[in-house]
Each structure stands twice: as C-alpha cells, then as structure tokens.
Amino acid sequence: MKHDPIALRVPDEVAAIGEACRVVHVVLGELQARVAPGVTTAELDAHAEARLAELGAEPAFKGYHGFPACICISVNEEIVHGIPGPRKLQDGDLVSLDFGAVKDGWYGDAAITVSVGRPAPQAKRLIQVTAEALARGVAAARAGARIGDVGAAVQGCVEAQGFSVVRDFVGHGIGRALHEPPAVPNFGAPGTGILLRPGMVLAIEPMVTAGRPEVELLGDGWTAISADRSLCAHFEHTVAVTEAGPLVLGTGNTARNVA
C-alpha cells in the first residue's frame with residue numbers, strides 16, 4: 001500500500017503555519033468571551049468570519065467537503081462538527097469551538113471547550129481532564145518519539161479519570177492543506193507508529209466523553225454526538241516537532257505550558 005509522504009517543514013514554513021494559528025487563537029479568545037446565555041451559535045460563527053477578513057485570513061472549514069459554516073460549534077453531547085445556527089446557548093451548556101484559518105496559503109487549527117456560566121462539577125472536571133490530556137499529548141510529541149507515544153499519553157490521562165477517548169476521529173498533519181498525513185490518534189501503545197522527526201507539524205486534538213466512546217451521526221450529515229448522550233469536550237493545538245521540543249504554534253508556548 002502506498003502512503004503519502006509526511007512533510008518536514010523548514011523553520012520559515014513553521015513560522016508561516018504559526019501565523020495562521022495566531023489568527024485562530026485570537027479569534028478563539030474573542031469567541032470564548034462572547035459565549036453567554038442567549039447568544040446563538042450563528043452569531044458566534046458570524047463574528048469568527050468577520051474577524052478572519054479583518055485579520056487577512058480565510059476560513060479553513062467553510063466549504064470543506066461541503067461544510068456550511070466558518071466554525072464547528074458542538075454543544076453538550078455533541079462531540080465535533082456541530083453546525084452553527086439559531087440555537088441559543090443556555091446557562092450550564094458545554095460548548096466546543098473548533099476553528100481553522102488559512103493565511104497566505106498555510107493552515108492553522110485549534111479547539112477549546114468552555115462552559116456557559118458556571119459548569120456542573122462533572123462538566124468542569126471533563127474540561128480540566130481534556131485540557132490536561134492535550135497538554136500530555138503535546139509533551140509527548142518530541143523528536144525521536146513515535147505517534148503511539150502521543151496517543152498513549154492522551155488515552156492514559158483520560159481513562160485514568162474514568163472518561164473515554166473518542167476513536168472515530170483523530171488528529172492529523174497540517175500545513176498547505178487542512179488534513180495531511182500522518183493521522184494522530186488519541187489512543188495507542190507507547191513505542192508504536194511512525195517516528196516523529198523535526199519539521200513535522202501535527203494537529204493534536206483529544207475528543208473526550210464523560211461516558212462511553214461510541215458516536216452517532218445526526219441527520220445533518222455532520223454533527224457527531226456521543227451515542228450514550230454523555231457530555232463531551234474537545235481541545236486542540238497545532239504543534240511543531242522541533243529539536244528543542246514541541247512548540248505550540250500561534251501561542252509561543254512549549255510543552256510546559258500549553259493548556
């Protein structure tokens with residue numbers, strides 16, 4: 001079986017991807033501040049698209065395989081790929097914001113999960129555990145390690161807290177396209193999979209449920225939900241593998257401070 005080659009980016013290319021990621025993080029920060037009871041998911045999407053234009057970038061998701069919006073907004077039992085619309089956010093909702101941008105032909109991608117108002121104890125813990133799982137996955141993305149080390153770090157963190165890693169969706173390489181090789185699962189065995197080399201750029205994105213890992217697809221053909229309707233959280237960073245260690249693009253953070 002023939003496999004697509006994995007791009008090894010030179011520093012200038014990593015910096016260009018970082019510029020796209022910087023835009024993503026700026027907009028995600030603004031969206032997080034706008035999440036409030038009564039706000040519709042369509043209003044958040046409209047803000048994201050307007051800000052992209054002001055920042056000299058384009059949406060990475062809109063039109064991708066027909067996706068109709070600029071940002072994926074998934075609420076409560078929705079895991080990923082939620083389509084913005086007239087839904088009004090309510091106090092206590094858990095909202096995952098998955099967002100990508102294209103700037104000067106380079107892609108950036110990140111995701112955060114936030115609560116509307118004060119979260120219930122389980123929702124708060126789910127957010128904390130998923131963010132920590134991302135931090136551990138990023139820390140494992142070191143030159144000389146393997147893809148399985150990243151997945152094992154995420155899986156171990158999540159399952160130790162009694163939550164489940166979604167297996168139907170995985171992270172990915174990123175650069176000139178939104179999805180490039182390699183696939184980056186959030187589960188796996190240490191020491192397995194491809195070797196991580198300096199210049200690889202990976203989107204690491206744990207998707208975690210408070211219950212079982214199985215998913216269902218809604219009738220819109222996009223929105224994936226937990227099959228048992230348990231709460232879900234999603235965090236993502238675009239990470240460069242460097243000789244000096246993992247670098248979270250768009251934030252300037254190393255693996256020591258990524259949450």
# chains A, B, ... in the order shown; residues from 1 in each chain; ligands from 1
call {"tool": "residues_around", "arguments": {"residues": "Phe99 (chain A)", "least_positions_apart": "5", "cutoff": "10 Å", "atoms": "only C-alpha atoms", "output": "ChimeraX atom specification"}}
result
/A:21,24-25,27-28,45,48,59-61,70-73,108-112,236
call {"tool": "residues_around", "arguments": {"residues": "Phe163 (chain A)", "least_positions_apart": "3", "cutoff": "8 Å", "atoms": "only C-alpha atoms", "output": "list in words"}}
result
Leu126, Val158, Glu159, Ala160, Val208, Thr209, Ala210, Gly211 and Arg212 of chain A
call {"tool": "closest_residue", "arguments": {"among": "A:Thr40, A:Gln122, A:Gln128, A:Thr113", "to": "Gly85 (chain A)", "atoms": "only C-alpha atoms"}}
result
A:Thr40
call {"tool": "atom_distance", "arguments": {"atom1": "CA of Pro37 (chain A)", "atom2": "CA of Val95 (chain A)"}}
result
11.4 Å
call {"tool": "closest_residue", "arguments": {"among": "A:Val10, A:Ala135, A:Val239, A:Ile225", "to": "Ala203 (chain A)", "atoms": "only C-alpha atoms"}}
result
A:Val239
call {"tool": "residues_around", "arguments": {"residues": "Ile6 (chain A)", "least_positions_apart": "6", "cutoff": "8 Å", "atoms": "only C-alpha atoms", "output": "MDAnalysis selection string"}}
result
chainID A and resid 173 180:182 200
call {"tool": "write_last_selection", "arguments": {"atoms": "C-alpha atoms", "output": "compact mmCIF listing (two decimals), in the first residue's frame"}}
result
# COMPACT_ATOMS: atom_id res chain seq x y z
CA GLY A 173 -0.82 16.62 10.00
CA GLU A 180 -2.26 15.99 5.83
CA PRO A 181 -0.54 12.79 6.90
CA PRO A 182 0.02 11.43 9.43
CA MET A 200 6.58 17.61 11.38
call {"tool": "atom_distance", "arguments": {"atom1": "CA of Gln155 (chain A)", "atom2": "CA of Glu132 (chain A)"}}
result
11.0 Å
call {"tool": "residues_around", "arguments": {"residues": "Asp93 (chain A)", "least_positions_apart": "5", "cutoff": "8 Å", "atoms": "only C-alpha atoms", "output": "PDB file with N, CA and C atoms, in the first residue's frame"}}
result
ATOM      1  N   VAL A  75     -22.298  21.381  21.151  1.00  0.00           N
ATOM      2  CA  VAL A  75     -22.833  21.699  22.477  1.00  0.00           C
ATOM      3  C   VAL A  75     -23.227  20.417  23.214  1.00  0.00           C
ATOM      4  N   ASN A  76     -22.754  20.322  24.447  1.00  0.00           N
ATOM      5  CA  ASN A  76     -23.115  19.247  25.376  1.00  0.00           C
ATOM      6  C   ASN A  76     -22.750  17.860  24.840  1.00  0.00           C
ATOM      7  N   SER A 115     -17.550  26.585  29.219  1.00  0.00           N
ATOM      8  CA  SER A 115     -18.886  26.453  29.789  1.00  0.00           C
ATOM      9  C   SER A 115     -19.616  27.785  29.684  1.00  0.00           C
ATOM     10  N   VAL A 116     -20.918  27.691  29.575  1.00  0.00           N
ATOM     11  CA  VAL A 116     -21.775  28.875  29.612  1.00  0.00           C
ATOM     12  C   VAL A 116     -22.159  29.087  31.077  1.00  0.00           C
ATOM     13  N   GLY A 117     -21.627  30.138  31.679  1.00  0.00           N
ATOM     14  CA  GLY A 117     -21.853  30.325  33.102  1.00  0.00           C
ATOM     15  C   GLY A 117     -21.043  29.330  33.906  1.00  0.00           C
ATOM     16  N   PRO A 119     -20.073  25.830  35.304  1.00  0.00           N
ATOM     17  CA  PRO A 119     -20.322  24.439  34.898  1.00  0.00           C
ATOM     18  C   PRO A 119     -20.680  23.560  36.088  1.00  0.00           C
TER      19      PRO A 119
END
call {"tool": "closest_residue", "arguments": {"among": "A:Cys157, A:Ala143, A:Leu178, A:Leu195", "to": "Ile17 (chain A)", "atoms": "only C-alpha atoms"}}
result
A:Leu178
call {"tool": "select_by_dssp", "arguments": {"residues": "region 2-210 of chain A", "states": "strand (DSSP E or B)", "output": "JSON, numbers by chain"}}
result
{"A": [40, 58, 59, 71, 72, 73, 74, 75, 78, 79, 80, 88, 94, 95, 96, 97, 98, 99, 100, 101, 102, 103, 106, 107, 108, 109, 110, 111, 112, 113, 114, 115, 146, 164, 165, 171, 172, 173, 180, 181, 182, 183, 184, 195, 201, 202, 203, 204, 207, 208, 209]}
call {"tool": "decode", "arguments": {"residues": "region 197-234 of chain A", "atoms": "N, CA and C atoms", "output": "short mmCIF file (atom, residue, chain, number, x, y, z; two decimals), in the first residue's frame"}}
result
data_model
loop_
_atom_site.label_atom_id
_atom_site.label_comp_id
_atom_site.auth_asym_id
_atom_site.auth_seq_id
_atom_site.Cartn_x
_atom_site.Cartn_y
_atom_site.Cartn_z
N ARG A 197 9.77 13.34 13.69
CA ARG A 197 11.02 13.99 13.26
C ARG A 197 10.85 15.50 13.28
N PRO A 198 11.93 16.23 13.50
CA PRO A 198 11.84 17.69 13.45
C PRO A 198 11.28 18.16 12.11
N GLY A 199 10.39 19.12 12.16
CA GLY A 199 9.76 19.63 10.96
C GLY A 199 8.35 19.13 10.76
N MET A 200 7.97 18.05 11.44
CA MET A 200 6.58 17.61 11.38
C MET A 200 5.69 18.62 12.10
N VAL A 201 4.51 18.87 11.55
CA VAL A 201 3.53 19.75 12.19
C VAL A 201 2.24 18.96 12.34
N LEU A 202 1.77 18.85 13.58
CA LEU A 202 0.66 17.96 13.91
C LEU A 202 -0.45 18.72 14.61
N ALA A 203 -1.68 18.43 14.25
CA ALA A 203 -2.84 18.90 15.00
C ALA A 203 -3.24 17.80 15.96
N ILE A 204 -2.98 18.03 17.23
CA ILE A 204 -3.29 17.07 18.28
C ILE A 204 -4.60 17.51 18.93
N GLU A 205 -5.62 16.61 18.96
CA GLU A 205 -6.94 17.07 19.37
C GLU A 205 -7.75 16.01 20.11
N PRO A 206 -7.53 15.87 21.40
CA PRO A 206 -8.35 14.94 22.18
C PRO A 206 -9.83 15.31 22.13
N MET A 207 -10.67 14.32 21.86
CA MET A 207 -12.13 14.44 21.98
C MET A 207 -12.55 13.41 23.01
N VAL A 208 -13.20 13.86 24.05
CA VAL A 208 -13.41 13.04 25.23
C VAL A 208 -14.89 13.07 25.63
N THR A 209 -15.41 11.90 26.02
CA THR A 209 -16.78 11.84 26.53
C THR A 209 -16.75 11.47 28.01
N ALA A 210 -17.80 11.91 28.70
CA ALA A 210 -17.92 11.56 30.11
C ALA A 210 -18.42 10.13 30.28
N GLY A 211 -18.90 9.53 29.19
CA GLY A 211 -19.42 8.17 29.24
C GLY A 211 -18.66 7.23 28.33
N ARG A 212 -19.38 6.59 27.43
CA ARG A 212 -18.80 5.63 26.50
C ARG A 212 -18.18 6.34 25.29
N PRO A 213 -17.26 5.68 24.57
CA PRO A 213 -16.60 6.33 23.43
C PRO A 213 -17.37 6.28 22.12
N GLU A 214 -18.44 5.50 22.03
CA GLU A 214 -19.13 5.34 20.75
C GLU A 214 -19.83 6.63 20.33
N VAL A 215 -19.93 6.83 19.01
CA VAL A 215 -20.53 8.05 18.49
C VAL A 215 -21.67 7.71 17.53
N GLU A 216 -22.54 8.71 17.31
CA GLU A 216 -23.58 8.64 16.30
C GLU A 216 -23.51 9.92 15.46
N LEU A 217 -23.97 9.82 14.22
CA LEU A 217 -24.01 10.97 13.34
C LEU A 217 -25.45 11.43 13.17
N LEU A 218 -25.68 12.72 13.37
CA LEU A 218 -27.03 13.25 13.22
C LEU A 218 -27.42 13.35 11.74
N GLY A 219 -28.69 13.64 11.53
CA GLY A 219 -29.23 13.66 10.17
C GLY A 219 -28.67 14.74 9.29
N ASP A 220 -28.00 15.76 9.87
CA ASP A 220 -27.40 16.80 9.02
C ASP A 220 -26.15 16.30 8.30
N GLY A 221 -25.72 15.08 8.63
CA GLY A 221 -24.55 14.51 7.97
C GLY A 221 -23.22 14.99 8.51
N TRP A 222 -23.23 15.84 9.52
CA TRP A 222 -22.00 16.40 10.07
C TRP A 222 -21.87 16.18 11.58
N THR A 223 -22.90 16.59 12.32
CA THR A 223 -22.77 16.64 13.77
C THR A 223 -22.64 15.25 14.37
N ALA A 224 -21.51 15.00 15.05
CA ALA A 224 -21.28 13.73 15.73
C ALA A 224 -21.58 13.91 17.21
N ILE A 225 -22.36 12.98 17.78
CA ILE A 225 -22.73 13.05 19.18
C ILE A 225 -22.32 11.76 19.88
N SER A 226 -22.22 11.83 21.20
CA SER A 226 -21.94 10.62 21.97
C SER A 226 -23.17 9.72 21.93
N ALA A 227 -22.96 8.45 21.65
CA ALA A 227 -24.08 7.52 21.49
C ALA A 227 -24.90 7.40 22.77
N ASP A 228 -24.25 7.57 23.92
CA ASP A 228 -24.99 7.48 25.19
C ASP A 228 -25.44 8.85 25.69
N ARG A 229 -25.24 9.89 24.85
CA ARG A 229 -25.66 11.27 25.15
C ARG A 229 -24.92 11.86 26.35
N SER A 230 -23.74 11.35 26.62
CA SER A 230 -22.94 11.92 27.70
C SER A 230 -22.25 13.19 27.22
N LEU A 231 -21.84 14.02 28.17
CA LEU A 231 -21.17 15.27 27.84
C LEU A 231 -19.84 15.01 27.14
N CYS A 232 -19.45 15.97 26.29
CA CYS A 232 -18.21 15.85 25.52
C CYS A 232 -17.38 17.11 25.63
N ALA A 233 -16.07 16.96 25.47
CA ALA A 233 -15.15 18.09 25.42
C ALA A 233 -14.11 17.84 24.34
N HIS A 234 -13.54 18.94 23.81
CA HIS A 234 -12.61 18.87 22.68
C HIS A 234 -11.61 20.01 22.82
#
